[in-house]
$ cat query.tsv   # TSV, C-alpha atoms
chain	number	residue	atom	x	y	z
A	1	MET	CA	7.22	-23.72	71.71
A	2	THR	CA	10.62	-22.07	71.97
A	3	PRO	CA	12.58	-22.10	68.72
A	4	SER	CA	15.84	-20.30	68.13
A	5	LEU	CA	14.99	-17.28	66.01
A	6	PRO	CA	18.02	-14.98	65.99
A	7	ARG	CA	17.76	-11.23	65.71
A	8	PRO	CA	19.82	-9.35	63.14
A	9	PRO	CA	23.39	-8.45	64.18
A	10	PHE	CA	23.76	-5.45	66.51
A	11	GLN	CA	26.23	-3.77	64.16
A	12	ALA	CA	24.43	-4.42	60.87
A	13	ASP	CA	24.28	-2.04	57.95
A	14	GLU	CA	20.86	-0.58	57.18
A	15	ARG	CA	19.79	-3.13	54.55
A	16	THR	CA	20.90	-6.09	56.66
A	17	ALA	CA	19.06	-4.72	59.71
A	18	LEU	CA	15.84	-4.01	57.81
A	19	LEU	CA	15.76	-7.38	56.07
A	20	GLY	CA	16.82	-9.17	59.25
A	21	TRP	CA	13.94	-7.70	61.25
A	22	LEU	CA	11.46	-8.40	58.46
A	23	ASP	CA	12.65	-11.99	58.19
A	24	LEU	CA	12.41	-12.48	61.97
A	25	GLN	CA	8.79	-11.30	62.01
A	26	ARG	CA	7.96	-13.54	59.04
A	27	ARG	CA	9.51	-16.53	60.83
A	28	ILE	CA	7.58	-15.77	64.02
A	29	LEU	CA	4.32	-15.72	62.04
A	30	ARG	CA	5.12	-19.08	60.39
A	31	TRP	CA	6.30	-20.55	63.70
A	32	LYS	CA	2.97	-19.72	65.34
A	33	CYS	CA	1.35	-22.11	62.85
A	34	GLU	CA	3.59	-25.09	63.62
A	35	GLY	CA	1.73	-28.16	64.86
A	36	LEU	CA	-1.64	-26.47	64.54
A	37	ALA	CA	-4.58	-28.71	63.64
A	38	GLU	CA	-6.25	-27.82	60.34
A	39	ALA	CA	-9.59	-27.08	62.01
A	40	ASP	CA	-7.91	-24.78	64.52
A	41	ALA	CA	-6.05	-22.94	61.74
A	42	HIS	CA	-9.44	-21.86	60.37
A	43	ARG	CA	-11.21	-21.33	63.69
A	44	SER	CA	-11.96	-17.78	64.76
A	45	VAL	CA	-11.44	-16.99	68.44
A	46	VAL	CA	-12.35	-13.32	68.18
A	47	PRO	CA	-16.15	-13.06	67.83
A	48	THR	CA	-16.04	-9.54	66.39
A	49	SER	CA	-13.36	-10.46	63.83
A	50	PRO	CA	-14.38	-13.77	62.25
A	51	ALA	CA	-11.76	-13.59	59.50
A	52	MET	CA	-8.93	-13.37	62.04
A	53	THR	CA	-7.86	-16.98	62.03
A	54	MET	CA	-4.29	-18.26	61.90
A	55	ALA	CA	-4.72	-19.16	58.23
A	56	GLY	CA	-6.40	-15.81	57.61
A	57	LEU	CA	-3.51	-13.91	59.20
A	58	VAL	CA	-0.97	-15.68	57.00
A	59	ARG	CA	-3.06	-15.21	53.86
A	60	HIS	CA	-3.49	-11.51	54.64
A	61	MET	CA	0.27	-11.09	55.07
A	62	ARG	CA	0.91	-12.82	51.74
A	63	TRP	CA	-1.24	-10.19	50.04
A	64	VAL	CA	0.28	-7.34	52.07
A	65	GLU	CA	3.73	-8.25	50.71
A	66	HIS	CA	2.27	-8.44	47.20
A	67	THR	CA	0.54	-5.07	47.61
A	68	TRP	CA	3.60	-3.17	48.73
A	69	LEU	CA	6.32	-4.74	46.62
A	70	GLU	CA	4.70	-6.05	43.45
A	71	VAL	CA	1.87	-3.56	43.02
A	72	LEU	CA	2.99	-0.30	44.63
A	73	PHE	CA	6.78	-0.61	44.28
A	74	LEU	CA	7.01	-2.34	40.89
A	75	GLY	CA	3.78	-0.87	39.50
A	76	GLY	CA	2.21	-4.28	38.90
A	77	ASP	CA	-1.37	-5.34	38.32
A	78	ALA	CA	-3.59	-5.06	41.40
A	79	SER	CA	-6.47	-7.05	39.94
A	80	GLN	CA	-5.20	-10.46	41.12
A	81	ASN	CA	-4.82	-9.23	44.71
A	82	PRO	CA	-7.98	-9.56	46.86
A	83	SER	CA	-6.83	-6.62	49.00
A	84	PHE	CA	-8.02	-4.39	46.18
A	85	ASP	CA	-11.44	-6.10	45.90
A	86	GLU	CA	-13.94	-3.45	46.84
A	87	THR	CA	-16.91	-5.83	46.57
A	88	GLU	CA	-15.92	-8.00	49.54
A	89	GLU	CA	-14.67	-6.67	52.85
A	90	ASP	CA	-11.42	-8.27	54.06
A	91	ALA	CA	-11.26	-10.51	50.97
A	92	ASP	CA	-7.51	-11.00	51.49
A	93	TRP	CA	-8.20	-12.66	54.87
A	94	HIS	CA	-10.60	-15.29	53.51
A	95	THR	CA	-9.10	-18.71	52.99
A	96	GLY	CA	-12.05	-20.56	51.44
A	97	SER	CA	-11.05	-24.17	50.91
A	98	LEU	CA	-7.30	-23.52	51.13
A	99	THR	CA	-5.44	-25.64	53.66
A	100	LEU	CA	-3.03	-24.13	56.14
A	101	ALA	CA	-0.20	-25.84	54.26
A	102	GLN	CA	-1.25	-24.14	51.01
A	103	VAL	CA	-1.63	-20.75	52.69
A	104	LEU	CA	1.85	-21.12	54.20
A	105	ALA	CA	3.31	-22.24	50.85
A	106	ASP	CA	1.75	-19.22	49.13
A	107	TYR	CA	3.20	-16.96	51.82
A	108	GLU	CA	6.65	-18.54	51.43
A	109	ALA	CA	6.53	-18.02	47.66
A	110	GLN	CA	5.44	-14.39	48.08
A	111	CYS	CA	8.20	-13.72	50.64
A	112	ALA	CA	10.76	-15.20	48.24
A	113	ARG	CA	9.43	-12.98	45.44
A	114	SER	CA	9.55	-9.96	47.78
A	115	ASP	CA	13.16	-10.77	48.65
A	116	GLU	CA	14.05	-10.88	44.92
A	117	ILE	CA	12.44	-7.48	44.36
A	118	VAL	CA	14.27	-5.94	47.31
A	119	ALA	CA	17.62	-7.44	46.31
A	120	ALA	CA	17.38	-5.83	42.87
A	121	ALA	CA	16.59	-2.33	44.14
A	122	SER	CA	18.09	0.54	46.08
A	123	LEU	CA	16.50	1.53	49.38
A	124	ASP	CA	16.09	4.99	47.84
A	125	ASP	CA	14.09	3.76	44.83
A	126	THR	CA	10.46	4.84	44.90
A	127	GLY	CA	7.36	2.96	43.89
A	128	ARG	CA	6.11	3.07	40.32
A	129	HIS	CA	2.36	2.59	40.47
A	130	PRO	CA	0.74	5.76	39.12
A	131	GLY	CA	-2.67	5.05	40.65
A	132	TYR	CA	-1.78	5.02	44.35
A	133	ALA	CA	-0.27	7.82	46.44
A	134	SER	CA	1.48	5.23	48.66
A	135	ALA	CA	3.66	4.29	45.69
A	136	ARG	CA	5.54	7.57	46.18
A	137	ALA	CA	7.26	6.02	49.22
A	138	ASN	CA	10.79	4.74	48.82
A	139	LEU	CA	11.73	1.10	49.35
A	140	ARG	CA	13.18	1.90	52.79
A	141	TRP	CA	9.81	3.27	53.95
A	142	MET	CA	7.98	0.28	52.46
A	143	LEU	CA	10.27	-2.17	54.26
A	144	ILE	CA	9.80	-0.38	57.57
A	145	HIS	CA	6.05	-0.56	57.01
A	146	LEU	CA	6.27	-4.30	56.21
A	147	ILE	CA	8.25	-4.86	59.43
A	148	GLU	CA	5.60	-2.96	61.39
A	149	GLU	CA	2.65	-4.75	59.82
A	150	THR	CA	4.23	-8.21	59.96
A	151	GLY	CA	5.22	-7.65	63.60
A	152	ARG	CA	1.73	-6.45	64.50
A	153	HIS	CA	0.13	-9.50	62.91
A	154	ALA	CA	2.72	-11.84	64.45
A	155	GLY	CA	1.51	-10.44	67.77
A	156	HIS	CA	-2.07	-11.18	66.78
A	157	ALA	CA	-0.99	-14.71	65.85
A	158	ASP	CA	0.59	-15.07	69.29
A	159	ILE	CA	-2.71	-14.23	70.97
A	160	VAL	CA	-4.82	-16.31	68.57
A	161	ARG	CA	-2.57	-19.33	69.08
A	162	GLU	CA	-2.78	-19.02	72.86
A	163	LEU	CA	-6.56	-18.80	72.68
A	164	LEU	CA	-6.72	-21.83	70.37
A	165	ASP	CA	-4.63	-24.28	72.36
A	166	GLY	CA	-2.77	-22.48	75.13
A	167	THR	CA	0.57	-22.48	73.29
A	168	LYS	CA	2.74	-19.49	74.23
A	169	GLY	CA	6.12	-18.12	73.29
A	170	TYR	CA	7.67	-15.05	71.74
A	171	TYR	CA	10.76	-16.27	69.96
$ encode --input "query.tsv" --output "structure tokens"
Amino acid sequence: MTPSLPRPPFQADERTALLGWLDLQRRILRWKCEGLAEADAHRSVVPTSPAMTMAGLVRHMRWVEHTWLEVLFLGGDASQNPSFDETEEDADWHTGSLTLAQVLADYEAQCARSDEIVAAASLDDTGRHPGYASARANLRWMLIHLIEETGRHAGHADIVRELLDGTKGYY
């Protein structure tokens, strides 16, 4: 399990560096799912965190991207995003009957949508959602947060994958 996942260039401008690091973390998360059996993708290996499965990690990250870029940055509707569901804890981690392939496809589509949003905006633009204080952050801050959160969960995926089938590798 050793793919070639290049880092952004050493002498990149700010936007290229930010998007390069975000893309690398996204690719690491997807890579950790390669070759994983469907049952293992939905199997919890952390007894105190039953929703932390490989499929759950990817689904959560899909909704994290939606939260920050479509809801907070663009001011979109939060009602379709399970992260905002206050009736069910960790609703954005639950995969139900979704297959790993569907969860990954949903994540890919959300990442593509996020990339479109970022491409059309300045790093200095601030979020537009009037109902959340976090929307006051500028796009630069939101991208740094997405890099941090995606990287953190890619690390979780690394550990979960190793516990599932012994597969190791950073990038």
$ residues_around --input "query.tsv" --residues "A:Thr95" --least-positions-apart "4" --cutoff "12 Å" --atoms "only C-alpha atoms" --output "PyMOL selection string"
chain A and resi 41-43+50-60+62-63+82+90-91+99-104+106
$ residues_around --input "query.tsv" --residues "A:Gln80" --least-positions-apart "2" --cutoff "12 Å" --atoms "only C-alpha atoms" --output "ChimeraX atom specification"
/A:63,66-67,70-71,76-78,82-85,91-92
$ residues_near_point --input "query.tsv" --point "(16.2, -10.0, 66.7)" --cutoff "9 Å" --atoms "all atoms listed in the file" --output "MDAnalysis selection string"
chainID A and resid 5:10 20:21 24:25 171
$ residues_around --input "query.tsv" --residues "A:Arg15" --least-positions-apart "5" --cutoff "12 Å" --atoms "only C-alpha atoms" --output "ChimeraX atom specification"
/A:8-9,20-23,115,118-119,121-124,139-141,143-144
$ residues_around --input "query.tsv" --residues "A:Ala137" --least-positions-apart "3" --cutoff "10 Å" --atoms "only C-alpha atoms" --output "PyMOL selection string"
chain A and resi 68+72-73+124-128+133-134+140-142
$ write_last_selection --input "query.tsv" --atoms "C-alpha atoms" --output "PDB file, in the coordinates of the input"
ATOM      1  CA  TRP A  68       3.600  -3.170  48.730  1.00  0.00           C
ATOM      2  CA  LEU A  72       2.990  -0.300  44.630  1.00  0.00           C
ATOM      3  CA  PHE A  73       6.780  -0.610  44.280  1.00  0.00           C
ATOM      4  CA  ASP A 124      16.090   4.990  47.840  1.00  0.00           C
ATOM      5  CA  ASP A 125      14.090   3.760  44.830  1.00  0.00           C
ATOM      6  CA  THR A 126      10.460   4.840  44.900  1.00  0.00           C
ATOM      7  CA  GLY A 127       7.360   2.960  43.890  1.00  0.00           C
ATOM      8  CA  ARG A 128       6.110   3.070  40.320  1.00  0.00           C
ATOM      9  CA  ALA A 133      -0.270   7.820  46.440  1.00  0.00           C
ATOM     10  CA  SER A 134       1.480   5.230  48.660  1.00  0.00           C
ATOM     11  CA  ARG A 140      13.180   1.900  52.790  1.00  0.00           C
ATOM     12  CA  TRP A 141       9.810   3.270  53.950  1.00  0.00           C
ATOM     13  CA  MET A 142       7.980   0.280  52.460  1.00  0.00           C
TER      14      MET A 142
END
$ decode --input "query.tsv" --residues "stretch 57-86 of chain A" --atoms "N, CA, C and O atoms" --output "PDB file, in the first residue's frame"
ATOM      1  N   LEU A  57     -16.026   7.544   8.298  1.00  0.00           N
ATOM      2  CA  LEU A  57     -15.048   8.625   8.181  1.00  0.00           C
ATOM      3  C   LEU A  57     -15.229   9.395   6.879  1.00  0.00           C
ATOM      4  O   LEU A  57     -15.229  10.626   6.861  1.00  0.00           O
ATOM      5  N   VAL A  58     -15.385   8.657   5.785  1.00  0.00           N
ATOM      6  CA  VAL A  58     -15.538   9.304   4.478  1.00  0.00           C
ATOM      7  C   VAL A  58     -16.853  10.076   4.417  1.00  0.00           C
ATOM      8  O   VAL A  58     -16.902  11.213   3.940  1.00  0.00           O
ATOM      9  N   ARG A  59     -17.912   9.478   4.921  1.00  0.00           N
ATOM     10  CA  ARG A  59     -19.215  10.169   4.914  1.00  0.00           C
ATOM     11  C   ARG A  59     -19.145  11.440   5.759  1.00  0.00           C
ATOM     12  O   ARG A  59     -19.648  12.492   5.353  1.00  0.00           O
ATOM     13  N   HIS A  60     -18.534  11.360   6.921  1.00  0.00           N
ATOM     14  CA  HIS A  60     -18.371  12.537   7.765  1.00  0.00           C
ATOM     15  C   HIS A  60     -17.626  13.648   7.010  1.00  0.00           C
ATOM     16  O   HIS A  60     -18.044  14.809   7.024  1.00  0.00           O
ATOM     17  N   MET A  61     -16.543  13.290   6.333  1.00  0.00           N
ATOM     18  CA  MET A  61     -15.766  14.301   5.626  1.00  0.00           C
ATOM     19  C   MET A  61     -16.536  14.905   4.460  1.00  0.00           C
ATOM     20  O   MET A  61     -16.357  16.081   4.139  1.00  0.00           O
ATOM     21  N   ARG A  62     -17.408  14.127   3.836  1.00  0.00           N
ATOM     22  CA  ARG A  62     -18.264  14.696   2.787  1.00  0.00           C
ATOM     23  C   ARG A  62     -19.083  15.834   3.378  1.00  0.00           C
ATOM     24  O   ARG A  62     -19.203  16.916   2.810  1.00  0.00           O
ATOM     25  N   TRP A  63     -19.680  15.582   4.545  1.00  0.00           N
ATOM     26  CA  TRP A  63     -20.553  16.585   5.153  1.00  0.00           C
ATOM     27  C   TRP A  63     -19.759  17.735   5.772  1.00  0.00           C
ATOM     28  O   TRP A  63     -20.261  18.861   5.871  1.00  0.00           O
ATOM     29  N   VAL A  64     -18.522  17.488   6.178  1.00  0.00           N
ATOM     30  CA  VAL A  64     -17.675  18.581   6.665  1.00  0.00           C
ATOM     31  C   VAL A  64     -17.419  19.578   5.539  1.00  0.00           C
ATOM     32  O   VAL A  64     -17.528  20.794   5.722  1.00  0.00           O
ATOM     33  N   GLU A  65     -17.072  19.074   4.358  1.00  0.00           N
ATOM     34  CA  GLU A  65     -16.849  19.958   3.206  1.00  0.00           C
ATOM     35  C   GLU A  65     -18.127  20.746   2.896  1.00  0.00           C
ATOM     36  O   GLU A  65     -18.077  21.949   2.642  1.00  0.00           O
ATOM     37  N   HIS A  66     -19.255  20.071   2.919  1.00  0.00           N
ATOM     38  CA  HIS A  66     -20.536  20.736   2.653  1.00  0.00           C
ATOM     39  C   HIS A  66     -20.801  21.820   3.704  1.00  0.00           C
ATOM     40  O   HIS A  66     -21.223  22.935   3.370  1.00  0.00           O
ATOM     41  N   THR A  67     -20.564  21.492   4.958  1.00  0.00           N
ATOM     42  CA  THR A  67     -20.792  22.452   6.047  1.00  0.00           C
ATOM     43  C   THR A  67     -20.013  23.738   5.822  1.00  0.00           C
ATOM     44  O   THR A  67     -20.575  24.838   5.838  1.00  0.00           O
ATOM     45  N   TRP A  68     -18.708  23.589   5.611  1.00  0.00           N
ATOM     46  CA  TRP A  68     -17.859  24.775   5.559  1.00  0.00           C
ATOM     47  C   TRP A  68     -18.006  25.570   4.276  1.00  0.00           C
ATOM     48  O   TRP A  68     -18.002  26.808   4.310  1.00  0.00           O
ATOM     49  N   LEU A  69     -18.143  24.901   3.145  1.00  0.00           N
ATOM     50  CA  LEU A  69     -18.142  25.651   1.888  1.00  0.00           C
ATOM     51  C   LEU A  69     -19.538  25.959   1.348  1.00  0.00           C
ATOM     52  O   LEU A  69     -19.774  27.073   0.880  1.00  0.00           O
ATOM     53  N   GLU A  70     -20.453  25.028   1.434  1.00  0.00           N
ATOM     54  CA  GLU A  70     -21.791  25.324   0.913  1.00  0.00           C
ATOM     55  C   GLU A  70     -22.683  26.037   1.916  1.00  0.00           C
ATOM     56  O   GLU A  70     -23.429  26.940   1.552  1.00  0.00           O
ATOM     57  N   VAL A  71     -22.609  25.641   3.181  1.00  0.00           N
ATOM     58  CA  VAL A  71     -23.489  26.251   4.176  1.00  0.00           C
ATOM     59  C   VAL A  71     -22.859  27.530   4.740  1.00  0.00           C
ATOM     60  O   VAL A  71     -23.419  28.617   4.605  1.00  0.00           O
ATOM     61  N   LEU A  72     -21.713  27.423   5.383  1.00  0.00           N
ATOM     62  CA  LEU A  72     -21.129  28.582   6.049  1.00  0.00           C
ATOM     63  C   LEU A  72     -20.569  29.614   5.070  1.00  0.00           C
ATOM     64  O   LEU A  72     -20.832  30.810   5.218  1.00  0.00           O
ATOM     65  N   PHE A  73     -19.832  29.173   4.056  1.00  0.00           N
ATOM     66  CA  PHE A  73     -19.220  30.130   3.128  1.00  0.00           C
ATOM     67  C   PHE A  73     -20.254  30.720   2.170  1.00  0.00           C
ATOM     68  O   PHE A  73     -20.354  31.939   2.029  1.00  0.00           O
ATOM     69  N   LEU A  74     -21.034  29.858   1.512  1.00  0.00           N
ATOM     70  CA  LEU A  74     -22.010  30.375   0.544  1.00  0.00           C
ATOM     71  C   LEU A  74     -23.325  30.815   1.180  1.00  0.00           C
ATOM     72  O   LEU A  74     -24.132  31.473   0.537  1.00  0.00           O
ATOM     73  N   GLY A  75     -23.580  30.395   2.420  1.00  0.00           N
ATOM     74  CA  GLY A  75     -24.833  30.753   3.069  1.00  0.00           C
ATOM     75  C   GLY A  75     -25.977  29.836   2.697  1.00  0.00           C
ATOM     76  O   GLY A  75     -27.143  30.209   2.789  1.00  0.00           O
ATOM     77  N   GLY A  76     -25.661  28.615   2.291  1.00  0.00           N
ATOM     78  CA  GLY A  76     -26.672  27.658   1.834  1.00  0.00           C
ATOM     79  C   GLY A  76     -27.504  27.044   2.947  1.00  0.00           C
ATOM     80  O   GLY A  76     -27.294  27.303   4.138  1.00  0.00           O
ATOM     81  N   ASP A  77     -28.414  26.208   2.523  1.00  0.00           N
ATOM     82  CA  ASP A  77     -29.372  25.539   3.412  1.00  0.00           C
ATOM     83  C   ASP A  77     -28.688  24.406   4.181  1.00  0.00           C
ATOM     84  O   ASP A  77     -28.109  23.505   3.596  1.00  0.00           O
ATOM     85  N   ALA A  78     -28.784  24.460   5.492  1.00  0.00           N
ATOM     86  CA  ALA A  78     -28.177  23.437   6.349  1.00  0.00           C
ATOM     87  C   ALA A  78     -29.081  22.231   6.547  1.00  0.00           C
ATOM     88  O   ALA A  78     -28.622  21.186   7.013  1.00  0.00           O
ATOM     89  N   SER A  79     -30.341  22.323   6.165  1.00  0.00           N
ATOM     90  CA  SER A  79     -31.303  21.271   6.516  1.00  0.00           C
ATOM     91  C   SER A  79     -31.017  19.926   5.861  1.00  0.00           C
ATOM     92  O   SER A  79     -31.406  18.895   6.396  1.00  0.00           O
ATOM     93  N   GLN A  80     -30.349  19.904   4.719  1.00  0.00           N
ATOM     94  CA  GLN A  80     -30.044  18.618   4.064  1.00  0.00           C
ATOM     95  C   GLN A  80     -28.797  17.951   4.628  1.00  0.00           C
ATOM     96  O   GLN A  80     -28.479  16.823   4.286  1.00  0.00           O
ATOM     97  N   ASN A  81     -28.069  18.648   5.490  1.00  0.00           N
ATOM     98  CA  ASN A  81     -26.800  18.162   6.012  1.00  0.00           C
ATOM     99  C   ASN A  81     -27.021  17.536   7.396  1.00  0.00           C
ATOM    100  O   ASN A  81     -27.417  18.228   8.328  1.00  0.00           O
ATOM    101  N   PRO A  82     -26.754  16.233   7.554  1.00  0.00           N
ATOM    102  CA  PRO A  82     -26.978  15.581   8.848  1.00  0.00           C
ATOM    103  C   PRO A  82     -26.092  16.098   9.978  1.00  0.00           C
ATOM    104  O   PRO A  82     -26.386  15.846  11.143  1.00  0.00           O
ATOM    105  N   SER A  83     -25.055  16.853   9.662  1.00  0.00           N
ATOM    106  CA  SER A  83     -24.216  17.443  10.713  1.00  0.00           C
ATOM    107  C   SER A  83     -25.022  18.401  11.584  1.00  0.00           C
ATOM    108  O   SER A  83     -24.678  18.636  12.738  1.00  0.00           O
ATOM    109  N   PHE A  84     -26.065  18.960  11.014  1.00  0.00           N
ATOM    110  CA  PHE A  84     -26.888  19.928  11.728  1.00  0.00           C
ATOM    111  C   PHE A  84     -28.105  19.282  12.395  1.00  0.00           C
ATOM    112  O   PHE A  84     -28.931  19.974  12.985  1.00  0.00           O
ATOM    113  N   ASP A  85     -28.218  17.967  12.309  1.00  0.00           N
ATOM    114  CA  ASP A  85     -29.340  17.234  12.911  1.00  0.00           C
ATOM    115  C   ASP A  85     -29.110  17.120  14.413  1.00  0.00           C
ATOM    116  O   ASP A  85     -28.233  16.390  14.859  1.00  0.00           O
ATOM    117  N   GLU A  86     -29.896  17.835  15.158  1.00  0.00           N
ATOM    118  CA  GLU A  86     -29.726  17.822  16.614  1.00  0.00           C
ATOM    119  C   GLU A  86     -30.509  16.699  17.281  1.00  0.00           C
ATOM    120  O   GLU A  86     -30.438  16.534  18.495  1.00  0.00           O
TER     121      GLU A  86
END
